[in-house]
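The data block below is work_33.csv; it holds CSV, C-alpha atoms and all ligand atoms.
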```
chain,number,residue,atom,x,y,z
W,1,MET,CA,66.8,25.1,-15.1
W,2,ALA,CA,68.9,23.8,-18.0
W,3,GLU,CA,69.2,25.8,-21.1
W,4,ALA,CA,65.7,26.0,-22.7
W,5,LYS,CA,65.7,25.1,-26.4
W,6,VAL,CA,63.5,27.4,-28.5
W,7,ALA,CA,61.6,25.0,-30.8
W,8,PRO,CA,60.4,26.4,-34.1
W,9,ARG,CA,56.7,26.4,-33.1
W,10,PRO,CA,54.2,27.5,-35.7
W,11,LEU,CA,53.5,31.2,-35.4
W,12,SER,CA,50.6,33.1,-37.0
W,13,PRO,CA,51.4,36.5,-38.6
W,14,HIS,CA,50.2,39.7,-37.0
W,15,LEU,CA,46.9,41.3,-37.9
W,16,GLN,CA,48.1,44.1,-40.1
W,17,ILE,CA,49.5,41.9,-42.8
W,18,TYR,CA,46.1,40.6,-43.8
W,19,ARG,CA,43.9,42.3,-46.3
W,20,TRP,CA,40.5,43.2,-44.7
W,21,SER,CA,37.7,40.9,-45.8
W,22,TRP,CA,34.0,40.8,-44.9
W,23,THR,CA,34.4,37.7,-42.7
W,24,MET,CA,37.4,39.1,-40.9
W,25,ALA,CA,35.6,42.4,-40.2
W,26,MET,CA,32.5,40.6,-38.9
W,27,SER,CA,34.6,38.3,-36.8
W,28,VAL,CA,36.3,41.3,-35.1
W,29,ALA,CA,32.9,43.0,-34.8
W,30,HIS,CA,31.5,40.0,-33.0
W,31,ARG,CA,34.1,40.2,-30.3
W,32,ILE,CA,33.9,44.0,-30.0
W,33,THR,CA,30.1,43.9,-29.8
W,34,GLY,CA,30.3,41.1,-27.2
W,35,VAL,CA,32.6,43.2,-25.0
W,36,ALA,CA,30.4,46.3,-25.5
W,37,LEU,CA,27.3,44.4,-24.5
W,38,TYR,CA,29.2,43.2,-21.4
W,39,GLY,CA,29.9,46.7,-20.3
W,40,GLY,CA,26.5,48.2,-21.3
W,41,ILE,CA,24.4,45.7,-19.4
W,42,ALA,CA,25.5,47.6,-16.3
W,43,LEU,CA,23.1,50.4,-17.5
W,44,PHE,CA,20.2,47.9,-17.4
W,45,ALA,CA,21.2,46.8,-13.9
W,46,ILE,CA,21.3,50.5,-12.8
W,47,TRP,CA,17.9,51.2,-14.3
W,48,LEU,CA,16.4,48.1,-12.6
W,49,VAL,CA,18.0,49.0,-9.2
W,50,ALA,CA,16.7,52.6,-9.5
W,51,LEU,CA,13.2,51.2,-10.2
W,52,ALA,CA,13.4,49.1,-7.1
W,53,SER,CA,14.7,52.0,-5.1
W,54,GLY,CA,11.8,54.4,-5.6
W,55,PRO,CA,10.5,57.2,-7.8
W,56,SER,CA,13.2,59.8,-7.1
W,57,ALA,CA,16.1,57.5,-8.0
W,58,PHE,CA,14.1,56.3,-11.0
W,59,ASP,CA,13.5,59.8,-12.2
W,60,ASN,CA,17.2,60.6,-12.2
W,61,VAL,CA,18.0,57.5,-14.3
W,62,GLN,CA,15.0,58.2,-16.6
W,63,TRP,CA,16.3,61.7,-17.1
W,64,PHE,CA,19.6,60.3,-18.5
W,65,PHE,CA,17.9,57.8,-20.8
W,66,GLY,CA,15.5,60.5,-22.0
W,67,SER,CA,18.4,62.9,-22.9
W,68,PRO,CA,19.9,63.1,-26.3
W,69,LEU,CA,23.0,61.2,-25.0
W,70,GLY,CA,20.7,58.6,-23.5
W,71,TYR,CA,18.9,58.0,-26.7
W,72,LEU,CA,22.2,57.7,-28.5
W,73,VAL,CA,23.4,55.1,-26.1
W,74,LEU,CA,20.1,53.2,-26.3
W,75,PHE,CA,20.2,53.3,-30.1
W,76,GLY,CA,23.8,52.2,-30.2
W,77,TYR,CA,23.1,49.4,-27.8
W,78,THR,CA,20.2,48.2,-29.9
W,79,TRP,CA,22.4,48.0,-33.0
W,80,ILE,CA,25.3,46.3,-31.1
W,81,LEU,CA,22.8,43.8,-29.6
W,82,MET,CA,21.3,43.0,-33.0
W,83,HIS,CA,24.7,42.7,-34.6
W,84,HIS,CA,26.0,40.4,-32.0
W,85,MET,CA,22.8,38.3,-32.1
W,86,LEU,CA,23.0,37.8,-35.8
W,87,GLY,CA,26.7,37.2,-35.6
W,88,GLY,CA,26.0,34.6,-32.9
W,89,VAL,CA,23.4,32.8,-35.1
W,90,ARG,CA,26.1,32.7,-37.8
W,91,HIS,CA,28.4,31.0,-35.4
W,92,LEU,CA,25.7,28.5,-34.4
W,93,VAL,CA,25.1,27.7,-38.1
W,94,TRP,CA,28.8,27.0,-38.4
W,95,ASP,CA,28.7,24.8,-35.3
W,96,PHE,CA,26.3,22.5,-37.2
W,97,GLY,CA,28.8,22.3,-40.1
W,98,HIS,CA,26.9,24.5,-42.5
W,99,GLY,CA,27.8,27.7,-44.4
W,100,MET,CA,31.6,27.1,-44.7
W,101,GLU,CA,31.9,27.7,-48.5
W,102,ALA,CA,33.6,31.0,-49.5
W,103,ALA,CA,30.5,32.5,-51.1
W,104,GLN,CA,28.2,31.5,-48.2
W,105,ARG,CA,30.7,32.9,-45.6
W,106,ILE,CA,30.8,36.3,-47.3
W,107,ASN,CA,27.0,36.4,-47.8
W,108,MET,CA,26.4,35.6,-44.1
W,109,ALA,CA,28.9,38.2,-43.1
W,110,ARG,CA,27.2,40.8,-45.2
W,111,PHE,CA,23.8,39.7,-43.9
W,112,THR,CA,25.0,40.2,-40.4
W,113,LEU,CA,25.7,43.9,-41.1
W,114,VAL,CA,22.7,44.6,-43.3
W,115,GLY,CA,20.3,42.6,-41.1
W,116,SER,CA,21.5,44.3,-37.9
W,117,VAL,CA,21.0,47.8,-39.3
W,118,ALA,CA,17.5,46.8,-40.7
W,119,LEU,CA,16.5,45.2,-37.4
W,120,THR,CA,17.7,48.2,-35.4
W,121,LEU,CA,15.7,50.7,-37.6
W,122,ALA,CA,12.7,48.4,-37.5
W,123,ILE,CA,12.7,48.2,-33.7
W,124,TRP,CA,13.0,52.0,-33.3
W,125,VAL,CA,10.3,52.7,-35.9
W,126,VAL,CA,7.9,50.2,-34.3
W,127,ALA,CA,8.7,51.4,-30.8
W,128,PHE,CA,7.8,55.0,-31.8
W,129,LEU,CA,4.7,54.0,-33.8
W,130,ALA,CA,3.2,51.2,-31.9
W,131,PHE,CA,3.7,52.1,-28.3
H,1,MET,CA,54.2,9.1,-22.1
H,2,ALA,CA,55.9,8.1,-25.3
H,3,ASP,CA,56.0,10.9,-27.9
H,4,ASN,CA,56.1,9.0,-31.2
H,5,ARG,CA,55.1,11.8,-33.6
H,6,ALA,CA,57.4,12.1,-36.7
H,7,ASP,CA,58.6,15.6,-35.9
H,8,THR,CA,58.0,16.8,-32.3
H,9,ARG,CA,59.5,20.2,-33.0
H,10,VAL,CA,56.4,21.3,-35.0
H,11,SER,CA,53.8,21.5,-32.3
H,12,MET,CA,51.7,24.1,-30.6
H,13,ARG,CA,52.8,22.7,-27.2
H,14,THR,CA,55.9,24.0,-25.6
H,15,PRO,CA,58.6,21.5,-24.5
H,16,LEU,CA,57.9,22.4,-20.9
H,17,ALA,CA,54.2,21.6,-21.3
H,18,ARG,CA,55.1,18.3,-22.9
H,19,VAL,CA,57.5,17.4,-20.0
H,20,LYS,CA,54.9,18.3,-17.4
H,21,GLY,CA,52.4,16.1,-19.1
H,22,LEU,CA,49.5,17.7,-17.5
H,23,GLY,CA,47.5,18.4,-20.6
H,24,ALA,CA,44.7,20.9,-20.5
H,25,SER,CA,42.8,21.6,-17.3
H,26,GLY,CA,39.8,19.6,-18.6
H,27,HIS,CA,37.1,22.2,-18.4
H,28,GLY,CA,37.3,23.4,-22.0
H,29,VAL,CA,34.4,21.4,-23.4
H,30,GLU,CA,32.1,22.3,-20.5
H,31,HIS,CA,32.9,26.0,-21.0
H,32,TRP,CA,32.4,25.8,-24.8
H,33,TRP,CA,29.1,23.9,-24.5
H,34,LEU,CA,27.6,26.2,-21.8
H,35,HIS,CA,28.6,29.2,-24.0
H,36,ARG,CA,26.7,27.7,-26.9
H,37,MET,CA,23.7,26.7,-24.8
H,38,THR,CA,23.4,30.2,-23.5
H,39,ALA,CA,23.9,31.6,-27.0
H,40,VAL,CA,20.9,29.6,-28.0
H,41,SER,CA,18.8,30.6,-25.0
H,42,ASN,CA,19.8,34.2,-25.4
H,43,ILE,CA,18.1,34.5,-28.8
H,44,PRO,CA,14.4,34.2,-27.8
H,45,LEU,CA,15.1,35.9,-24.4
H,46,ILE,CA,16.8,38.9,-26.0
H,47,ILE,CA,14.0,39.3,-28.6
H,48,ALA,CA,11.5,39.3,-25.7
H,49,PHE,CA,13.8,41.7,-23.8
H,50,VAL,CA,13.9,44.2,-26.7
H,51,ILE,CA,10.1,44.2,-26.9
H,52,ILE,CA,9.8,44.7,-23.1
H,53,VAL,CA,12.3,47.6,-23.2
H,54,ALA,CA,10.5,49.2,-26.1
H,55,ALA,CA,7.2,49.1,-24.1
H,56,LEU,CA,9.0,50.6,-21.1
H,57,ALA,CA,10.5,53.4,-23.3
H,58,ALA,CA,7.1,54.3,-24.5
H,59,SER,CA,5.5,54.6,-21.1
H,60,PRO,CA,8.1,56.4,-19.0
H,61,SER,CA,6.2,57.0,-15.8
H,62,TYR,CA,7.2,55.3,-12.6
H,63,GLN,CA,3.8,53.6,-12.1
H,64,GLU,CA,3.7,52.3,-15.6
H,65,ALA,CA,7.3,50.9,-15.4
H,66,ILE,CA,6.5,49.1,-12.1
H,67,ALA,CA,3.3,47.7,-13.7
H,68,ILE,CA,5.2,46.3,-16.7
H,69,ILE,CA,8.1,44.8,-14.7
H,70,SER,CA,5.9,43.3,-12.1
H,71,HIS,CA,3.7,41.4,-14.6
H,72,PRO,CA,4.6,37.7,-13.9
H,73,LEU,CA,5.2,36.9,-17.5
H,74,VAL,CA,7.5,39.9,-17.9
H,75,ALA,CA,9.3,39.2,-14.6
H,76,ILE,CA,9.9,35.6,-15.4
H,77,ILE,CA,11.2,36.3,-18.9
H,78,LEU,CA,13.5,39.0,-17.5
H,79,ILE,CA,14.8,36.6,-14.8
H,80,LEU,CA,15.5,33.9,-17.4
H,81,ALA,CA,17.2,36.5,-19.6
H,82,VAL,CA,19.4,37.8,-16.8
H,83,ILE,CA,20.5,34.2,-15.9
H,84,SER,CA,21.2,33.3,-19.5
H,85,VAL,CA,23.0,36.6,-20.4
H,86,THR,CA,25.2,36.9,-17.3
H,87,ASN,CA,26.4,33.4,-17.7
H,88,HIS,CA,27.0,33.8,-21.4
H,89,MET,CA,28.9,37.1,-21.0
H,90,ARG,CA,31.0,35.7,-18.2
H,91,LEU,CA,32.1,32.7,-20.3
H,92,GLY,CA,32.6,35.0,-23.3
H,93,MET,CA,34.7,37.6,-21.5
H,94,GLN,CA,36.9,34.8,-20.0
H,95,ILE,CA,37.8,33.7,-23.6
H,96,VAL,CA,38.7,37.3,-24.5
H,97,ILE,CA,40.9,37.6,-21.3
H,98,GLU,CA,42.6,34.3,-22.0
H,99,ASP,CA,43.3,35.4,-25.5
H,100,TYR,CA,44.9,38.8,-24.6
H,101,VAL,CA,46.2,38.8,-21.0
H,102,HIS,CA,49.4,36.7,-21.0
H,103,ASP,CA,50.9,37.6,-17.6
H,104,LYS,CA,49.8,34.8,-15.3
H,105,GLY,CA,49.0,37.0,-12.3
H,106,LEU,CA,47.1,39.6,-14.3
H,107,LYS,CA,45.2,36.9,-16.1
H,108,ILE,CA,44.0,35.3,-12.8
H,109,ALA,CA,43.1,38.7,-11.4
H,110,ALA,CA,41.1,39.5,-14.6
H,111,VAL,CA,39.3,36.2,-14.6
H,112,ILE,CA,38.3,36.7,-11.0
H,113,ALA,CA,37.2,40.3,-11.6
H,114,ASN,CA,35.2,39.0,-14.6
H,115,ASN,CA,33.4,36.4,-12.4
H,116,PHE,CA,32.7,39.0,-9.7
H,117,TYR,CA,31.3,41.5,-12.3
H,118,ALA,CA,29.0,38.9,-13.8
H,119,VAL,CA,27.7,37.8,-10.4
H,120,ILE,CA,27.2,41.4,-9.2
H,121,ILE,CA,25.2,42.4,-12.4
H,122,GLY,CA,23.2,39.2,-12.1
H,123,VAL,CA,22.3,39.6,-8.4
H,124,ALA,CA,21.5,43.3,-8.8
H,125,CYS,CA,19.1,42.6,-11.7
H,126,LEU,CA,17.5,39.6,-10.0
H,127,TYR,CA,17.1,41.4,-6.7
H,128,ALA,CA,15.5,44.5,-8.3
H,129,ILE,CA,13.1,42.4,-10.5
H,130,LEU,CA,12.0,40.3,-7.5
H,131,LYS,CA,11.6,43.3,-5.2
H,132,VAL,CA,9.5,45.2,-7.7
H,133,SER,CA,7.3,42.2,-8.6
H,134,LEU,CA,6.9,39.9,-5.6
H,135,GLY,CA,3.7,40.4,-3.7
H,136,ARG,CA,2.3,42.8,-6.2
H,137,ILE,CA,-0.9,41.1,-7.3
H,138,LEU,CA,-2.6,42.7,-10.3
H,139,VAL,CA,-6.3,43.3,-9.5
C,201,LIG,C1,21.4,37.9,-28.5
C,201,LIG,C2,21.7,36.7,-28.4
C,201,LIG,C3,23.2,36.2,-28.4
C,201,LIG,C4,23.7,35.3,-29.1
C,201,LIG,C5,23.0,34.4,-30.1
C,201,LIG,C6,25.2,35.2,-28.8
C,201,LIG,C7,26.1,34.3,-29.4
C,201,LIG,C8,27.4,34.2,-29.2
C,201,LIG,C9,28.3,33.3,-29.7
C,201,LIG,C10,27.9,32.1,-30.6
C,201,LIG,C11,29.6,33.6,-29.2
C,201,LIG,C12,30.9,32.8,-29.5
C,201,LIG,C13,31.5,33.4,-30.7
C,201,LIG,C14,32.8,32.7,-31.0
C,201,LIG,O1,32.9,31.5,-30.9
C,201,LIG,O2,33.8,33.4,-31.4
C,201,LIG,C15,29.4,34.7,-28.4
C,201,LIG,C16,30.5,35.4,-27.8
C,201,LIG,C17,30.3,36.4,-26.8
C,201,LIG,N1,29.1,36.9,-26.4
C,201,LIG,FE1,27.3,36.6,-27.1
C,201,LIG,N2,25.5,36.1,-27.9
C,201,LIG,C18,24.3,36.8,-27.6
C,201,LIG,C19,24.1,37.8,-26.6
C,201,LIG,C20,25.2,38.3,-25.8
C,201,LIG,C21,25.0,39.3,-24.8
C,201,LIG,C22,23.7,40.0,-24.4
C,201,LIG,C23,26.3,39.6,-24.3
C,201,LIG,C24,26.7,40.5,-23.2
C,201,LIG,C25,25.9,41.1,-22.3
C,201,LIG,C26,27.2,38.7,-25.0
C,201,LIG,C27,28.6,38.7,-24.7
C,201,LIG,C28,29.4,37.9,-25.4
C,201,LIG,C29,30.9,37.9,-25.2
C,201,LIG,C30,31.6,38.8,-24.2
C,201,LIG,C31,31.4,37.0,-26.1
C,201,LIG,C32,32.9,36.6,-26.3
C,201,LIG,C33,33.4,37.3,-27.6
C,201,LIG,C34,34.5,36.6,-28.2
C,201,LIG,O3,35.0,35.6,-27.8
C,201,LIG,O4,34.9,37.1,-29.3
C,201,LIG,N3,26.5,38.0,-25.9
C,201,LIG,N4,28.1,35.1,-28.4
```
Can you present the structure in this file as structure tokens?
Amino acid sequence: MAEAKVAPRPLSPHLQIYRWSWTMAMSVAHRITGVALYGGIALFAIWLVALASGPSAFDNVQWFFGSPLGYLVLFGYTWILMHHMLGGVRHLVWDFGHGMEAAQRINMARFTLVGSVALTLAIWVVAFLAF
Amino acid sequence: MADNRADTRVSMRTPLARVKGLGASGHGVEHWWLHRMTAVSNIPLIIAFVIIVAALAASPSYQEAIAIISHPLVAIILILAVISVTNHMRLGMQIVIEDYVHDKGLKIAAVIANNFYAVIIGVACLYAILKVSLGRILV
């Protein structure tokens, strides 16, 4: 091939030169939670397949989910799921062209964090009390 | 194809891509749209999923778990949730791969593995839900 000319294409600076902001943090969090959910859903598949396999396989899996580590995983998964869900709603609001102003963006980003923590605690309190 | 922009050097497209003139593969809008559609359908399905799992956590015996999963309403909601979520996560992870994996061979391998993973998770969940619930009539 002939000599390739390197055109001065626009480049974006690397992550570390930006000052962290709420919107940036929640954007990163949305991606990390999406990937975590992607991996964690395998646990649900394992639980279902164990249920379909019979009582002894099921008891083994239940033992894990009933252990302190199991509870930690379930609690973490609840929060990650709620965070990603509220973050997703935020994206859908943007898709309709709303919530683009600076103050709105920051408030929505804060709401994602506060709302996901509140929802997670509410789910666990209700699960313990009602069921 | 005539390139009559004022300054062709300032472009996100490489000179090679311009010469090839192939443009994008043409599946971007479909990918994006299906990702949004599944994001919307995920919301009610995930809310229902959380309630179902909470009920399961509260009644940990095998019989009770079978009874909950095999209820037609629960089984149908879970099946819909599995279809929606596995498609959503497959599309989402492909975006993440395309953002970070630049080597062409690795990227193709990763996208293939992503598709396989999503299908395996989906089929495993659907098989288990159907096996537990089909033919079990609540009397
Ligand atoms: C609960 C309801 C959910 C909603 C409303 C939702 C919404 C969204 C939206 C709107 C995006 C695109 C974000 C963007 O454009 O940057 C996204 C990305 C993604 N979602 Fe979800 N999602 C949900 C549940 C899930 C679940 C359960 C999983 C996995 C099992 C998942 C995995 C992903 C992944 C891997 C991405 C790509 C992340 C990225 O590109 O940064 N999502 N989600």
Name the residues, by chain letter and number, that sit within 8 Å of ligand LIG 201 (chain C) using only C-alpha atoms and all ligand atoms, and give them as a JSON list (two decimals) with C-alpha atoms, keeping the file's coordinate frame.
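Resulting contents of result_15.json:
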```
[["chain", "number", "residue", "atom", "x", "y", "z"],
["W", 27, "SER", "CA", 34.60, 38.30, -36.80],
["W", 28, "VAL", "CA", 36.30, 41.30, -35.10],
["W", 30, "HIS", "CA", 31.50, 40.00, -33.00],
["W", 31, "ARG", "CA", 34.10, 40.20, -30.30],
["W", 32, "ILE", "CA", 33.90, 44.00, -30.00],
["W", 33, "THR", "CA", 30.10, 43.90, -29.80],
["W", 34, "GLY", "CA", 30.30, 41.10, -27.20],
["W", 35, "VAL", "CA", 32.60, 43.20, -25.00],
["W", 36, "ALA", "CA", 30.40, 46.30, -25.50],
["W", 37, "LEU", "CA", 27.30, 44.40, -24.50],
["W", 38, "TYR", "CA", 29.20, 43.20, -21.40],
["W", 39, "GLY", "CA", 29.90, 46.70, -20.30],
["W", 40, "GLY", "CA", 26.50, 48.20, -21.30],
["W", 41, "ILE", "CA", 24.40, 45.70, -19.40],
["W", 81, "LEU", "CA", 22.80, 43.80, -29.60],
["W", 82, "MET", "CA", 21.30, 43.00, -33.00],
["W", 84, "HIS", "CA", 26.00, 40.40, -32.00],
["W", 85, "MET", "CA", 22.80, 38.30, -32.10],
["W", 86, "LEU", "CA", 23.00, 37.80, -35.80],
["W", 87, "GLY", "CA", 26.70, 37.20, -35.60],
["W", 88, "GLY", "CA", 26.00, 34.60, -32.90],
["W", 89, "VAL", "CA", 23.40, 32.80, -35.10],
["W", 90, "ARG", "CA", 26.10, 32.70, -37.80],
["W", 91, "HIS", "CA", 28.40, 31.00, -35.40],
["W", 92, "LEU", "CA", 25.70, 28.50, -34.40],
["H", 35, "HIS", "CA", 28.60, 29.20, -24.00],
["H", 36, "ARG", "CA", 26.70, 27.70, -26.90],
["H", 38, "THR", "CA", 23.40, 30.20, -23.50],
["H", 39, "ALA", "CA", 23.90, 31.60, -27.00],
["H", 40, "VAL", "CA", 20.90, 29.60, -28.00],
["H", 41, "SER", "CA", 18.80, 30.60, -25.00],
["H", 42, "ASN", "CA", 19.80, 34.20, -25.40],
["H", 43, "ILE", "CA", 18.10, 34.50, -28.80],
["H", 44, "PRO", "CA", 14.40, 34.20, -27.80],
["H", 45, "LEU", "CA", 15.10, 35.90, -24.40],
["H", 46, "ILE", "CA", 16.80, 38.90, -26.00],
["H", 47, "ILE", "CA", 14.00, 39.30, -28.60],
["H", 85, "VAL", "CA", 23.00, 36.60, -20.40],
["H", 86, "THR", "CA", 25.20, 36.90, -17.30],
["H", 88, "HIS", "CA", 27.00, 33.80, -21.40],
["H", 89, "MET", "CA", 28.90, 37.10, -21.00],
["H", 90, "ARG", "CA", 31.00, 35.70, -18.20],
["H", 91, "LEU", "CA", 32.10, 32.70, -20.30],
["H", 92, "GLY", "CA", 32.60, 35.00, -23.30],
["H", 93, "MET", "CA", 34.70, 37.60, -21.50],
["H", 94, "GLN", "CA", 36.90, 34.80, -20.00],
["H", 95, "ILE", "CA", 37.80, 33.70, -23.60],
["H", 96, "VAL", "CA", 38.70, 37.30, -24.50]]
```
| query | What are the residues of chain W that have an atom within 9 Å of an atom of chain H, counting only C-alpha atoms, as a PyMOL selection string? | reply | chain W and resi 4-11+31+34-35+37-38+41-42+44-46+48-55+58-59+62+65-66+78+81+85+88-89+92+123-124+126-128+130-131
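Atom to atom, atom CA of H:Phe49 and atom CA of H:Leu80 stand 10.2 Å apart.
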| Rounded to one decimal in Å, what is the spacing between atom CA of W:Ser116 and atom CA of W:Trp79? | 6.2 Å
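Interatomic distance, atom CA of W:Asn60 to atom CA of H:Val119: 25.2 Å.
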Using only C-alpha atoms, which protein or nucleic acid residues come within 9 Å of H:Ile52? Drop anything in the same chain fewer than 6 positions from it, and give the result as an mmCIF file with C-alpha atoms, in the coordinates of the input.
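Dumped to part19.cif:
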```cif
data_model
loop_
_atom_site.group_PDB
_atom_site.id
_atom_site.type_symbol
_atom_site.label_atom_id
_atom_site.label_comp_id
_atom_site.auth_asym_id
_atom_site.auth_seq_id
_atom_site.Cartn_x
_atom_site.Cartn_y
_atom_site.Cartn_z
ATOM 1 C CA ILE H 68 5.200 46.300 -16.700
ATOM 2 C CA ILE H 69 8.100 44.800 -14.700
ATOM 3 C CA VAL H 74 7.500 39.900 -17.900
ATOM 4 C CA LEU H 78 13.500 39.000 -17.500
#
```
| field | Nearby residues (all atoms listed in the file) at most 8 Å from W:Met26, same-chain spacing under 2 positions excluded, as a list in words | value | Trp22, Thr23, Met24, Val28, Ala29, His30, Gly87, Ala109, Thr112 and Leu113 of chain W
Please complete stretch 13-21 of chain W with all heavy atoms and give it back as a PDB file, in the frame of the given file.
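The result, stored in selection01.pdb:
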```
ATOM      1  N   PRO W  13      50.962  35.115 -38.407  1.00  0.00           N
ATOM      2  CA  PRO W  13      51.400  36.500 -38.600  1.00  0.00           C
ATOM      3  C   PRO W  13      50.482  37.480 -37.925  1.00  0.00           C
ATOM      4  O   PRO W  13      49.343  37.152 -37.582  1.00  0.00           O
ATOM      5  CB  PRO W  13      51.270  36.648 -40.155  1.00  0.00           C
ATOM      6  CG  PRO W  13      50.833  35.354 -40.694  1.00  0.00           C
ATOM      7  CD  PRO W  13      50.424  34.465 -39.583  1.00  0.00           C
ATOM      8  N   HIS W  14      50.984  38.690 -37.732  1.00  0.00           N
ATOM      9  CA  HIS W  14      50.200  39.700 -37.000  1.00  0.00           C
ATOM     10  C   HIS W  14      49.060  40.220 -37.935  1.00  0.00           C
ATOM     11  O   HIS W  14      49.093  40.108 -39.150  1.00  0.00           O
ATOM     12  CB  HIS W  14      51.068  40.823 -36.556  1.00  0.00           C
ATOM     13  CG  HIS W  14      51.863  40.425 -35.340  1.00  0.00           C
ATOM     14  ND1 HIS W  14      51.256  40.069 -34.174  1.00  0.00           N
ATOM     15  CD2 HIS W  14      53.192  40.303 -35.136  1.00  0.00           C
ATOM     16  CE1 HIS W  14      52.185  39.742 -33.274  1.00  0.00           C
ATOM     17  NE2 HIS W  14      53.374  39.870 -33.833  1.00  0.00           N
ATOM     18  N   LEU W  15      48.081  40.825 -37.264  1.00  0.00           N
ATOM     19  CA  LEU W  15      46.900  41.300 -37.900  1.00  0.00           C
ATOM     20  C   LEU W  15      47.103  42.126 -39.167  1.00  0.00           C
ATOM     21  O   LEU W  15      46.447  41.968 -40.184  1.00  0.00           O
ATOM     22  CB  LEU W  15      45.998  42.056 -36.953  1.00  0.00           C
ATOM     23  CG  LEU W  15      44.933  41.295 -36.172  1.00  0.00           C
ATOM     24  CD1 LEU W  15      44.114  42.280 -35.371  1.00  0.00           C
ATOM     25  CD2 LEU W  15      44.029  40.532 -37.137  1.00  0.00           C
ATOM     26  N   GLN W  16      48.063  43.065 -39.043  1.00  0.00           N
ATOM     27  CA  GLN W  16      48.100  44.100 -40.100  1.00  0.00           C
ATOM     28  C   GLN W  16      48.583  43.615 -41.427  1.00  0.00           C
ATOM     29  O   GLN W  16      48.488  44.338 -42.397  1.00  0.00           O
ATOM     30  CB  GLN W  16      49.021  45.271 -39.593  1.00  0.00           C
ATOM     31  CG  GLN W  16      50.464  44.899 -39.382  1.00  0.00           C
ATOM     32  CD  GLN W  16      50.730  44.426 -37.958  1.00  0.00           C
ATOM     33  OE1 GLN W  16      49.832  44.041 -37.255  1.00  0.00           O
ATOM     34  NE2 GLN W  16      51.997  44.469 -37.546  1.00  0.00           N
ATOM     35  N   ILE W  17      49.087  42.347 -41.507  1.00  0.00           N
ATOM     36  CA  ILE W  17      49.500  41.900 -42.800  1.00  0.00           C
ATOM     37  C   ILE W  17      48.371  41.326 -43.656  1.00  0.00           C
ATOM     38  O   ILE W  17      48.512  41.049 -44.830  1.00  0.00           O
ATOM     39  CB  ILE W  17      50.710  40.946 -42.799  1.00  0.00           C
ATOM     40  CG1 ILE W  17      50.242  39.519 -42.543  1.00  0.00           C
ATOM     41  CG2 ILE W  17      51.750  41.346 -41.768  1.00  0.00           C
ATOM     42  CD1 ILE W  17      51.251  38.548 -43.121  1.00  0.00           C
ATOM     43  N   TYR W  18      47.215  41.110 -43.031  1.00  0.00           N
ATOM     44  CA  TYR W  18      46.100  40.600 -43.800  1.00  0.00           C
ATOM     45  C   TYR W  18      45.331  41.698 -44.491  1.00  0.00           C
ATOM     46  O   TYR W  18      45.224  42.802 -43.985  1.00  0.00           O
ATOM     47  CB  TYR W  18      45.111  39.851 -42.862  1.00  0.00           C
ATOM     48  CG  TYR W  18      45.672  38.582 -42.257  1.00  0.00           C
ATOM     49  CD1 TYR W  18      46.097  38.562 -40.935  1.00  0.00           C
ATOM     50  CD2 TYR W  18      45.769  37.416 -43.001  1.00  0.00           C
ATOM     51  CE1 TYR W  18      46.602  37.409 -40.366  1.00  0.00           C
ATOM     52  CE2 TYR W  18      46.276  36.259 -42.447  1.00  0.00           C
ATOM     53  CZ  TYR W  18      46.687  36.253 -41.122  1.00  0.00           C
ATOM     54  OH  TYR W  18      47.181  35.115 -40.576  1.00  0.00           O
ATOM     55  N   ARG W  19      44.785  41.373 -45.654  1.00  0.00           N
ATOM     56  CA  ARG W  19      43.900  42.300 -46.300  1.00  0.00           C
ATOM     57  C   ARG W  19      42.492  42.130 -45.671  1.00  0.00           C
ATOM     58  O   ARG W  19      42.051  41.019 -45.416  1.00  0.00           O
ATOM     59  CB  ARG W  19      43.785  41.916 -47.813  1.00  0.00           C
ATOM     60  CG  ARG W  19      42.902  42.801 -48.657  1.00  0.00           C
ATOM     61  CD  ARG W  19      43.071  42.438 -50.150  1.00  0.00           C
ATOM     62  NE  ARG W  19      42.933  40.995 -50.377  1.00  0.00           N
ATOM     63  CZ  ARG W  19      41.755  40.359 -50.471  1.00  0.00           C
ATOM     64  NH1 ARG W  19      40.631  41.027 -50.395  1.00  0.00           N
ATOM     65  NH2 ARG W  19      41.713  39.052 -50.663  1.00  0.00           N
ATOM     66  N   TRP W  20      41.847  43.259 -45.367  1.00  0.00           N
ATOM     67  CA  TRP W  20      40.500  43.200 -44.700  1.00  0.00           C
ATOM     68  C   TRP W  20      39.524  42.481 -45.614  1.00  0.00           C
ATOM     69  O   TRP W  20      39.460  42.763 -46.796  1.00  0.00           O
ATOM     70  CB  TRP W  20      40.032  44.546 -44.308  1.00  0.00           C
ATOM     71  CG  TRP W  20      40.646  44.996 -43.026  1.00  0.00           C
ATOM     72  CD1 TRP W  20      41.825  45.671 -42.890  1.00  0.00           C
ATOM     73  CD2 TRP W  20      40.158  44.760 -41.707  1.00  0.00           C
ATOM     74  NE1 TRP W  20      42.097  45.862 -41.561  1.00  0.00           N
ATOM     75  CE2 TRP W  20      41.097  45.322 -40.817  1.00  0.00           C
ATOM     76  CE3 TRP W  20      39.026  44.128 -41.185  1.00  0.00           C
ATOM     77  CZ2 TRP W  20      40.930  45.273 -39.428  1.00  0.00           C
ATOM     78  CZ3 TRP W  20      38.858  44.087 -39.815  1.00  0.00           C
ATOM     79  CH2 TRP W  20      39.799  44.651 -38.948  1.00  0.00           C
ATOM     80  N   SER W  21      38.776  41.567 -45.018  1.00  0.00           N
ATOM     81  CA  SER W  21      37.700  40.900 -45.800  1.00  0.00           C
ATOM     82  C   SER W  21      36.425  41.017 -44.942  1.00  0.00           C
ATOM     83  O   SER W  21      36.471  41.341 -43.759  1.00  0.00           O
ATOM     84  CB  SER W  21      38.059  39.449 -46.021  1.00  0.00           C
ATOM     85  OG  SER W  21      38.159  38.781 -44.775  1.00  0.00           O
TER      86      SER W  21
END
```
